[in-house]
Amino acid sequence: MMPIEIQARAITKSFGSHVVLRGVDLTIRSGEIVCIVGASGSGKTVLLDTLIGLLRPDSGQILAADHNGPPDATGHPPLKDLATVDPRELDMIRLHWAVVFQRNALFSGSVRDNLSLWLKEHTTLGEEEIVERARRSLQAVALDPDVVLDQDRDALSGGMAKRVAIARAIACDPLVMFYDEPTTGLDPMVGSAIHDLIWKTHSTPPPTSDEGFVFRDLGFVRPARTPGARRTTIIVTHDRDLLRRLAPRVIMLHRSGVCFDGRYENFGKSDCPPAQDYLRFMPVLHERAPL
Ligand SMILES: Nc1ncnc2c1ncn2[C@@H]1O[C@H](COP(=O)(O)OP(=O)(O)O)[C@@H](O)[C@H]1O
Ligand SMILES: [Mg+2]
């Protein structure tokens, strides 16, 4: 079995008297692709924000693989409790993550600034390599770098901002990708390009230090990946075409808990009521669509 990448243990989270998550357990292993689904307001974003340590659960723990130190006795990256690591250690764990937020979270400035700042701060990549990366990432989300690179964030349409946010995450070449509603608000053609990009990014092994990807502040050398190693991808989504395209592990939230957790192919056999609603709209569960 692959090592654990991130794990939620009995997570509970409320806002006032509204219990959003009640005793949620979740284990995501390295190389998995997981979609978190559920009705609007069911707690998908709250769960994602809790997994990445932006929200503190009221009770329960989040454990995440620490890729920066030596492996533990089992040969796997040690798991760290996000509530007990110091802020610097948390930053170091997060160096291997990239997040596409539901509201994009682009910072003020140009698209170029948004795509290059993290790489400048955290890697030893040179200026030219960074611009080259930025350009390639924009092309991957079907944006023309010559047009977009020097546009200001505030000049972007909603759909463009979403694509820039995805490009920024991809440019960081992380071990773990988190996406919150990556295709919401995009037209179907662009949406389908994003589906392909998510799959391609997931299935392409991240670069190693031998390939020049060295973190500045760690003196850290990213370990060589085993051949064929995949990244870990966690996606909050409403997009049925995305589910069909990826045929992922599906986690459905309902009434503050997980009402289905299993392979996409078995989602249709779930007796969880909202899963049945979903399936009325997509009666045929295909194998993963061919590339
Ligand atoms: N910061 C907050 N303060 C109060 N309520 C919140 C906050 N964040 C989320 N909620 C509530 O938690 C519930 C789940 O929200 P969310 O996770 O954003 O849903 P979704 O599944 O659509 O992503 C909603 O009822 C929302 O109003
Ligand atoms: Mg949400």
# chains A, B, ... in the order shown; residues from 1 in each chain; ligands from 1

$ select_by_dssp --residues "region 229-286 of chain A" --states "alpha helix (DSSP H)" --output "VMD selection string"
chain A and resid 240 to 246 264 to 267 273 to 281

$ write_last_selection --atoms "N, CA and C atoms" --output "tab-separated table (two decimals), in the first residue's frame"
chain	number	residue	atom	x	y	z
A	240	ARG	N	-19.76	16.99	-13.12
A	240	ARG	CA	-19.97	15.57	-13.41
A	240	ARG	C	-19.07	15.09	-14.54
A	241	ASP	N	-18.82	15.99	-15.50
A	241	ASP	CA	-17.93	15.59	-16.60
A	241	ASP	C	-16.51	15.35	-16.09
A	242	LEU	N	-16.13	16.12	-15.10
A	242	LEU	CA	-14.80	15.93	-14.50
A	242	LEU	C	-14.74	14.55	-13.81
A	243	LEU	N	-15.80	14.20	-13.09
A	243	LEU	CA	-15.84	12.88	-12.45
A	243	LEU	C	-15.74	11.78	-13.49
A	244	ARG	N	-16.48	11.93	-14.55
A	244	ARG	CA	-16.49	10.91	-15.59
A	244	ARG	C	-15.12	10.79	-16.24
A	245	ARG	N	-14.48	11.93	-16.41
A	245	ARG	CA	-13.18	11.96	-17.06
A	245	ARG	C	-12.11	11.30	-16.19
A	246	LEU	N	-12.17	11.55	-14.89
A	246	LEU	CA	-11.10	11.09	-14.00
A	246	LEU	C	-11.38	9.72	-13.38
A	264	TYR	N	-15.27	5.43	-8.10
A	264	TYR	CA	-16.29	6.03	-8.95
A	264	TYR	C	-17.22	4.98	-9.53
A	265	GLU	N	-16.67	3.86	-9.93
A	265	GLU	CA	-17.47	2.79	-10.54
A	265	GLU	C	-18.54	2.25	-9.59
A	266	ASN	N	-18.29	2.41	-8.29
A	266	ASN	CA	-19.25	1.90	-7.31
A	266	ASN	C	-20.19	2.97	-6.76
A	267	PHE	N	-19.96	4.19	-7.20
A	267	PHE	CA	-20.74	5.32	-6.69
A	267	PHE	C	-22.23	5.07	-6.94
A	273	PRO	N	-28.69	8.97	-0.29
A	273	PRO	CA	-29.67	9.66	-1.15
A	273	PRO	C	-29.07	10.69	-2.12
A	274	PRO	N	-28.16	11.55	-1.68
A	274	PRO	CA	-27.65	12.52	-2.66
A	274	PRO	C	-26.83	11.87	-3.77
A	275	ALA	N	-26.25	10.71	-3.52
A	275	ALA	CA	-25.53	10.02	-4.59
A	275	ALA	C	-26.54	9.59	-5.65
A	276	GLN	N	-27.70	9.14	-5.19
A	276	GLN	CA	-28.75	8.75	-6.14
A	276	GLN	C	-29.19	9.95	-6.98
A	277	ASP	N	-29.29	11.12	-6.33
A	277	ASP	CA	-29.65	12.33	-7.08
A	277	ASP	C	-28.63	12.60	-8.17
A	278	TYR	N	-27.37	12.50	-7.79
A	278	TYR	CA	-26.30	12.71	-8.74
A	278	TYR	C	-26.47	11.81	-9.94
A	279	LEU	N	-26.78	10.55	-9.64
A	279	LEU	CA	-26.75	9.54	-10.68
A	279	LEU	C	-27.93	9.63	-11.62
A	280	ARG	N	-28.99	10.27	-11.15
A	280	ARG	CA	-30.10	10.51	-12.07
A	280	ARG	C	-29.61	11.33	-13.26
A	281	PHE	N	-28.61	12.17	-13.00
A	281	PHE	CA	-28.09	13.02	-14.07
A	281	PHE	C	-26.96	12.36	-14.85

$ closest_atom_pairs --of "chain A" --to "ligand 2" --cutoff "12 Å" --atoms "only C-alpha atoms and all ligand atoms" --output "CSV"
residue,atom,partner,partner_atom_place_in_ligand_line,distance
A:Ile36,CA,ligand 2,1 (Mg),10.2
A:Val37,CA,ligand 2,1 (Mg),9.8
A:Gly38,CA,ligand 2,1 (Mg),9.6
A:Ala39,CA,ligand 2,1 (Mg),9.4
A:Ser40,CA,ligand 2,1 (Mg),6.9
A:Gly41,CA,ligand 2,1 (Mg),6.9
A:Ser42,CA,ligand 2,1 (Mg),8.3
A:Gly43,CA,ligand 2,1 (Mg),7.0
A:Lys44,CA,ligand 2,1 (Mg),5.5
A:Thr45,CA,ligand 2,1 (Mg),4.1
A:Val46,CA,ligand 2,1 (Mg),7.3
A:Leu47,CA,ligand 2,1 (Mg),9.2
A:Leu48,CA,ligand 2,1 (Mg),8.8
A:Asp49,CA,ligand 2,1 (Mg),9.7
A:Val100,CA,ligand 2,1 (Mg),11.8
A:Phe101,CA,ligand 2,1 (Mg),9.1
A:Gln102,CA,ligand 2,1 (Mg),6.4
A:Arg103,CA,ligand 2,1 (Mg),9.2
A:Asn104,CA,ligand 2,1 (Mg),11.9
A:Tyr179,CA,ligand 2,1 (Mg),10.5
A:Asp180,CA,ligand 2,1 (Mg),6.7
A:Glu181,CA,ligand 2,1 (Mg),7.1
A:Pro182,CA,ligand 2,1 (Mg),10.7
A:Thr184,CA,ligand 2,1 (Mg),10.4
A:Ile235,CA,ligand 2,1 (Mg),10.8
A:Val236,CA,ligand 2,1 (Mg),7.4
A:Thr237,CA,ligand 2,1 (Mg),8.3
A:His238,CA,ligand 2,1 (Mg),9.5
A:Leu253,CA,ligand 2,1 (Mg),11.8

$ write_last_selection --atoms "C-alpha atoms" --output "PDB file, in the first residue's frame"
ATOM      1  CA  ILE A  36     -14.917  15.475  -2.787  1.00  0.00           C
ATOM      2  CA  VAL A  37     -18.537  16.000  -3.828  1.00  0.00           C
ATOM      3  CA  GLY A  38     -21.761  16.996  -2.119  1.00  0.00           C
ATOM      4  CA  ALA A  39     -24.499  19.609  -2.256  1.00  0.00           C
ATOM      5  CA  SER A  40     -23.679  23.273  -2.035  1.00  0.00           C
ATOM      6  CA  GLY A  41     -23.117  24.094   1.630  1.00  0.00           C
ATOM      7  CA  SER A  42     -22.340  20.485   2.576  1.00  0.00           C
ATOM      8  CA  GLY A  43     -18.901  21.426   3.899  1.00  0.00           C
ATOM      9  CA  LYS A  44     -16.566  20.593   1.000  1.00  0.00           C
ATOM     10  CA  THR A  45     -14.568  23.817   1.233  1.00  0.00           C
ATOM     11  CA  VAL A  46     -14.503  23.637   5.027  1.00  0.00           C
ATOM     12  CA  LEU A  47     -13.108  20.095   4.774  1.00  0.00           C
ATOM     13  CA  LEU A  48     -10.479  21.134   2.219  1.00  0.00           C
ATOM     14  CA  ASP A  49      -9.441  24.179   4.239  1.00  0.00           C
ATOM     15  CA  VAL A 100      -6.354  26.345  -6.283  1.00  0.00           C
ATOM     16  CA  PHE A 101      -8.806  28.169  -4.042  1.00  0.00           C
ATOM     17  CA  GLN A 102     -12.487  28.498  -4.803  1.00  0.00           C
ATOM     18  CA  ARG A 103     -12.070  32.283  -5.013  1.00  0.00           C
ATOM     19  CA  ASN A 104      -8.644  31.932  -6.677  1.00  0.00           C
ATOM     20  CA  TYR A 179      -8.334  22.168  -6.247  1.00  0.00           C
ATOM     21  CA  ASP A 180     -11.550  23.767  -4.989  1.00  0.00           C
ATOM     22  CA  GLU A 181     -14.104  23.911  -7.828  1.00  0.00           C
ATOM     23  CA  PRO A 182     -11.490  24.232 -10.598  1.00  0.00           C
ATOM     24  CA  THR A 184     -16.848  26.279 -11.972  1.00  0.00           C
ATOM     25  CA  ILE A 235     -10.458  18.042  -5.907  1.00  0.00           C
ATOM     26  CA  VAL A 236     -13.637  19.596  -4.593  1.00  0.00           C
ATOM     27  CA  THR A 237     -16.059  19.629  -7.497  1.00  0.00           C
ATOM     28  CA  HIS A 238     -19.622  19.735  -8.764  1.00  0.00           C
ATOM     29  CA  LEU A 253     -20.414  14.684   2.116  1.00  0.00           C
TER      30      LEU A 253
END

$ select_by_dssp --residues "region 117-251 of chain A" --states "strand (DSSP E)" --output "list in words"
Val176, Met177, Phe178, Tyr179, Asp180, Thr232, Thr233, Ile234, Ile235, Val236, Arg249, Val250 and Ile251 of chain A

$ write_last_selection --atoms "N, CA, C and O atoms" --output "mmCIF file, in the first residue's frame"
data_model
loop_
_atom_site.group_PDB
_atom_site.id
_atom_site.type_symbol
_atom_site.label_atom_id
_atom_site.label_comp_id
_atom_site.auth_asym_id
_atom_site.auth_seq_id
_atom_site.Cartn_x
_atom_site.Cartn_y
_atom_site.Cartn_z
ATOM 1 N N VAL A 176 1.581 17.433 -4.038
ATOM 2 C CA VAL A 176 0.148 17.316 -3.745
ATOM 3 C C VAL A 176 -0.573 18.531 -4.312
ATOM 4 O O VAL A 176 -0.177 19.675 -4.050
ATOM 5 N N MET A 177 -1.638 18.280 -5.087
ATOM 6 C CA MET A 177 -2.445 19.364 -5.661
ATOM 7 C C MET A 177 -3.828 19.336 -5.015
ATOM 8 O O MET A 177 -4.459 18.283 -4.963
ATOM 9 N N PHE A 178 -4.267 20.485 -4.564
ATOM 10 C CA PHE A 178 -5.633 20.638 -4.057
ATOM 11 C C PHE A 178 -6.357 21.621 -4.978
ATOM 12 O O PHE A 178 -5.812 22.693 -5.266
ATOM 13 N N TYR A 179 -7.546 21.261 -5.415
ATOM 14 C CA TYR A 179 -8.334 22.168 -6.247
ATOM 15 C C TYR A 179 -9.720 22.311 -5.609
ATOM 16 O O TYR A 179 -10.368 21.307 -5.307
ATOM 17 N N ASP A 180 -10.180 23.546 -5.456
ATOM 18 C CA ASP A 180 -11.550 23.767 -4.989
ATOM 19 C C ASP A 180 -12.361 24.332 -6.146
ATOM 20 O O ASP A 180 -12.164 25.482 -6.540
ATOM 21 N N THR A 232 -0.347 13.372 -5.772
ATOM 22 C CA THR A 232 -1.606 13.164 -5.073
ATOM 23 C C THR A 232 -2.497 14.344 -5.425
ATOM 24 O O THR A 232 -2.034 15.484 -5.423
ATOM 25 N N THR A 233 -3.760 14.060 -5.782
ATOM 26 C CA THR A 233 -4.652 15.122 -6.241
ATOM 27 C C THR A 233 -5.977 15.042 -5.499
ATOM 28 O O THR A 233 -6.598 13.976 -5.451
ATOM 29 N N ILE A 234 -6.379 16.161 -4.928
ATOM 30 C CA ILE A 234 -7.624 16.228 -4.154
ATOM 31 C C ILE A 234 -8.451 17.384 -4.716
ATOM 32 O O ILE A 234 -7.981 18.525 -4.750
ATOM 33 N N ILE A 235 -9.649 17.066 -5.174
ATOM 34 C CA ILE A 235 -10.458 18.042 -5.907
ATOM 35 C C ILE A 235 -11.843 18.145 -5.292
ATOM 36 O O ILE A 235 -12.538 17.136 -5.164
ATOM 37 N N VAL A 236 -12.239 19.342 -4.934
ATOM 38 C CA VAL A 236 -13.637 19.596 -4.593
ATOM 39 C C VAL A 236 -14.328 19.990 -5.889
ATOM 40 O O VAL A 236 -13.851 20.878 -6.603
ATOM 41 N N ARG A 249 -11.449 8.205 -6.968
ATOM 42 C CA ARG A 249 -12.110 7.844 -5.711
ATOM 43 C C ARG A 249 -13.046 8.999 -5.370
ATOM 44 O O ARG A 249 -12.653 10.164 -5.490
ATOM 45 N N VAL A 250 -14.266 8.693 -4.998
ATOM 46 C CA VAL A 250 -15.263 9.725 -4.713
ATOM 47 C C VAL A 250 -15.578 9.728 -3.217
ATOM 48 O O VAL A 250 -15.799 8.662 -2.627
ATOM 49 N N ILE A 251 -15.565 10.919 -2.647
ATOM 50 C CA ILE A 251 -15.987 11.080 -1.260
ATOM 51 C C ILE A 251 -17.166 12.031 -1.261
ATOM 52 O O ILE A 251 -17.053 13.160 -1.756
#

$ residues_around --residues "region 151-154 of chain A" --least-positions-apart "5" --cutoff "9 Å" --atoms "only C-alpha atoms" --output "short mmCIF file (atom, residue, chain, number, x, y, z; two decimals) with C-alpha atoms, in the first residue's frame"
data_model
loop_
_atom_site.label_atom_id
_atom_site.label_comp_id
_atom_site.auth_asym_id
_atom_site.auth_seq_id
_atom_site.Cartn_x
_atom_site.Cartn_y
_atom_site.Cartn_z
CA LEU A 106 -4.64 35.80 -6.66
CA PHE A 107 -2.71 38.61 -5.04
CA SER A 108 -2.73 42.15 -6.39
CA GLY A 109 -0.25 42.70 -9.19
CA SER A 110 0.27 41.18 -12.60
CA VAL A 111 -0.24 37.63 -13.77
CA ARG A 112 3.56 37.43 -14.09
CA ASN A 114 1.36 35.78 -9.40
CA ALA A 161 -8.66 34.43 -13.00
#

$ closest_residue --among "A:Gly23, A:Gly185, A:Pro3, A:Gly16" --to "ligand 1" --atoms "only C-alpha atoms and all ligand atoms"
A:Gly16

$ residues_around --residues "region 73-86 of chain A" --least-positions-apart "4" --cutoff "12 Å" --atoms "only C-alpha atoms" --output "VMD selection string"
chain A and resid 1 to 9 27 29 to 30 50 to 69 90 to 94 223

$ write_last_selection --atoms "N, CA, C and O atoms" --output "short mmCIF file (atom, residue, chain, number, x, y, z; two decimals), in the first residue's frame"
data_model
loop_
_atom_site.label_atom_id
_atom_site.label_comp_id
_atom_site.auth_asym_id
_atom_site.auth_seq_id
_atom_site.Cartn_x
_atom_site.Cartn_y
_atom_site.Cartn_z
N MET A 1 0.84 -1.21 0.00
CA MET A 1 0.00 0.00 0.00
C MET A 1 0.88 1.26 0.00
O MET A 1 1.91 1.27 0.65
N MET A 2 0.44 2.27 -0.71
CA MET A 2 1.23 3.51 -0.76
C MET A 2 1.18 4.22 0.60
O MET A 2 0.23 4.06 1.36
N PRO A 3 2.19 5.00 0.89
CA PRO A 3 2.20 5.72 2.17
C PRO A 3 1.09 6.76 2.26
O PRO A 3 0.59 7.25 1.24
N ILE A 4 0.72 7.10 3.48
CA ILE A 4 -0.31 8.12 3.70
C ILE A 4 0.25 9.49 3.35
O ILE A 4 1.36 9.83 3.73
N GLU A 5 -0.55 10.25 2.61
CA GLU A 5 -0.15 11.63 2.29
C GLU A 5 -0.81 12.59 3.27
O GLU A 5 -0.18 13.50 3.79
N ILE A 6 -2.10 12.37 3.50
CA ILE A 6 -2.82 13.25 4.43
C ILE A 6 -3.98 12.47 5.04
O ILE A 6 -4.61 11.65 4.37
N GLN A 7 -4.21 12.71 6.31
CA GLN A 7 -5.21 11.93 7.03
C GLN A 7 -5.99 12.82 7.99
O GLN A 7 -5.39 13.60 8.74
N ALA A 8 -7.32 12.69 7.95
CA ALA A 8 -8.17 13.37 8.93
C ALA A 8 -8.66 12.32 9.91
O ALA A 8 -9.11 11.24 9.51
N ARG A 9 -8.55 12.62 11.19
CA ARG A 9 -9.02 11.69 12.21
C ARG A 9 -10.09 12.36 13.05
O ARG A 9 -9.80 13.30 13.79
N THR A 27 -8.49 9.00 4.87
CA THR A 27 -7.07 8.73 4.64
C THR A 27 -6.80 8.81 3.15
O THR A 27 -7.44 8.12 2.36
N ARG A 29 -3.87 8.47 0.30
CA ARG A 29 -2.53 7.92 0.11
C ARG A 29 -1.85 8.56 -1.09
O ARG A 29 -2.49 9.05 -2.00
N SER A 30 -0.55 8.50 -1.03
CA SER A 30 0.27 9.06 -2.08
C SER A 30 -0.13 8.48 -3.45
O SER A 30 -0.30 7.27 -3.57
N THR A 50 -9.64 22.64 6.10
CA THR A 50 -9.15 21.97 7.31
C THR A 50 -7.99 21.04 6.97
O THR A 50 -6.99 21.00 7.69
N LEU A 51 -8.11 20.32 5.86
CA LEU A 51 -7.02 19.41 5.46
C LEU A 51 -5.71 20.15 5.23
O LEU A 51 -4.64 19.64 5.52
N ILE A 52 -5.80 21.37 4.70
CA ILE A 52 -4.55 22.10 4.40
C ILE A 52 -4.12 22.99 5.56
O ILE A 52 -3.17 23.75 5.43
N GLY A 53 -4.82 22.90 6.68
CA GLY A 53 -4.37 23.62 7.87
C GLY A 53 -4.74 25.09 7.90
O GLY A 53 -4.23 25.85 8.71
N LEU A 54 -5.67 25.51 7.03
CA LEU A 54 -6.13 26.90 7.07
C LEU A 54 -7.20 27.09 8.12
O LEU A 54 -7.35 28.16 8.68
N LEU A 55 -7.98 26.04 8.34
CA LEU A 55 -8.99 26.06 9.40
C LEU A 55 -8.58 25.05 10.45
O LEU A 55 -8.15 23.95 10.12
N ARG A 56 -8.72 25.42 11.70
CA ARG A 56 -8.46 24.51 12.81
C ARG A 56 -9.73 23.73 13.10
O ARG A 56 -10.77 24.33 13.33
N PRO A 57 -9.66 22.41 13.12
CA PRO A 57 -10.86 21.67 13.54
C PRO A 57 -11.14 21.92 15.02
O PRO A 57 -10.23 22.25 15.78
N ASP A 58 -12.42 21.81 15.42
CA ASP A 58 -12.76 21.96 16.85
C ASP A 58 -12.22 20.77 17.63
O ASP A 58 -11.81 20.90 18.77
N SER A 59 -12.28 19.61 17.01
CA SER A 59 -11.64 18.44 17.63
C SER A 59 -11.20 17.52 16.50
O SER A 59 -11.62 17.67 15.35
N GLY A 60 -10.36 16.57 16.84
CA GLY A 60 -9.79 15.68 15.82
C GLY A 60 -8.45 16.19 15.35
O GLY A 60 -7.99 17.25 15.78
N GLN A 61 -7.82 15.42 14.49
CA GLN A 61 -6.46 15.75 14.04
C GLN A 61 -6.35 15.68 12.54
O GLN A 61 -7.03 14.90 11.88
N ILE A 62 -5.43 16.49 12.01
CA ILE A 62 -5.00 16.34 10.61
C ILE A 62 -3.53 15.96 10.64
O ILE A 62 -2.71 16.67 11.24
N LEU A 63 -3.21 14.85 10.01
CA LEU A 63 -1.81 14.42 9.89
C LEU A 63 -1.39 14.53 8.43
O LEU A 63 -2.16 14.17 7.53
N ALA A 64 -0.20 15.03 8.21
CA ALA A 64 0.28 15.17 6.83
C ALA A 64 1.70 14.64 6.72
O ALA A 64 2.50 14.77 7.66
N ALA A 65 2.01 14.06 5.57
CA ALA A 65 3.35 13.53 5.33
C ALA A 65 4.34 14.69 5.28
O ALA A 65 4.09 15.70 4.63
N ASP A 66 5.44 14.52 5.98
CA ASP A 66 6.51 15.51 5.95
C ASP A 66 7.61 14.98 5.03
O ASP A 66 8.32 14.03 5.38
N HIS A 67 7.73 15.60 3.86
CA HIS A 67 8.68 15.11 2.86
C HIS A 67 10.07 15.68 3.05
O HIS A 67 10.95 15.44 2.22
N ASN A 68 10.27 16.45 4.09
CA ASN A 68 11.54 17.16 4.22
C ASN A 68 12.58 16.44 5.06
O ASN A 68 13.75 16.81 5.03
N GLY A 69 12.11 15.47 5.84
CA GLY A 69 13.06 14.79 6.71
C GLY A 69 13.32 13.37 6.24
O GLY A 69 12.79 12.95 5.20
N LEU A 90 5.31 23.93 9.40
CA LEU A 90 4.09 23.87 8.58
C LEU A 90 4.36 24.45 7.19
O LEU A 90 3.97 23.88 6.17
N ASP A 91 5.08 25.57 7.15
CA ASP A 91 5.46 26.15 5.85
C ASP A 91 6.27 25.16 5.03
O ASP A 91 6.09 25.06 3.81
N MET A 92 7.16 24.45 5.68
CA MET A 92 8.02 23.51 4.97
C MET A 92 7.22 22.32 4.43
O MET A 92 7.46 21.84 3.34
N ILE A 93 6.24 21.86 5.21
CA ILE A 93 5.36 20.79 4.72
C ILE A 93 4.59 21.29 3.50
O ILE A 93 4.46 20.61 2.49
N ARG A 94 4.14 22.55 3.60
CA ARG A 94 3.32 23.13 2.52
C ARG A 94 4.12 23.44 1.26
O ARG A 94 3.52 23.70 0.21
N PRO A 223 13.62 14.05 -3.04
CA PRO A 223 14.08 12.69 -3.33
C PRO A 223 13.66 12.23 -4.72
O PRO A 223 12.63 12.67 -5.24
#

$ closest_residue --among "A:Ser192, A:Ser137, A:Ser256, A:Ser270" --to "ligand 1" --atoms "only C-alpha atoms and all ligand atoms"
A:Ser256

$ closest_residue --among "A:Leu197, A:Ala155, A:Ile28, A:Met252" --to "ligand 1" --atoms "only C-alpha atoms and all ligand atoms"
A:Met252
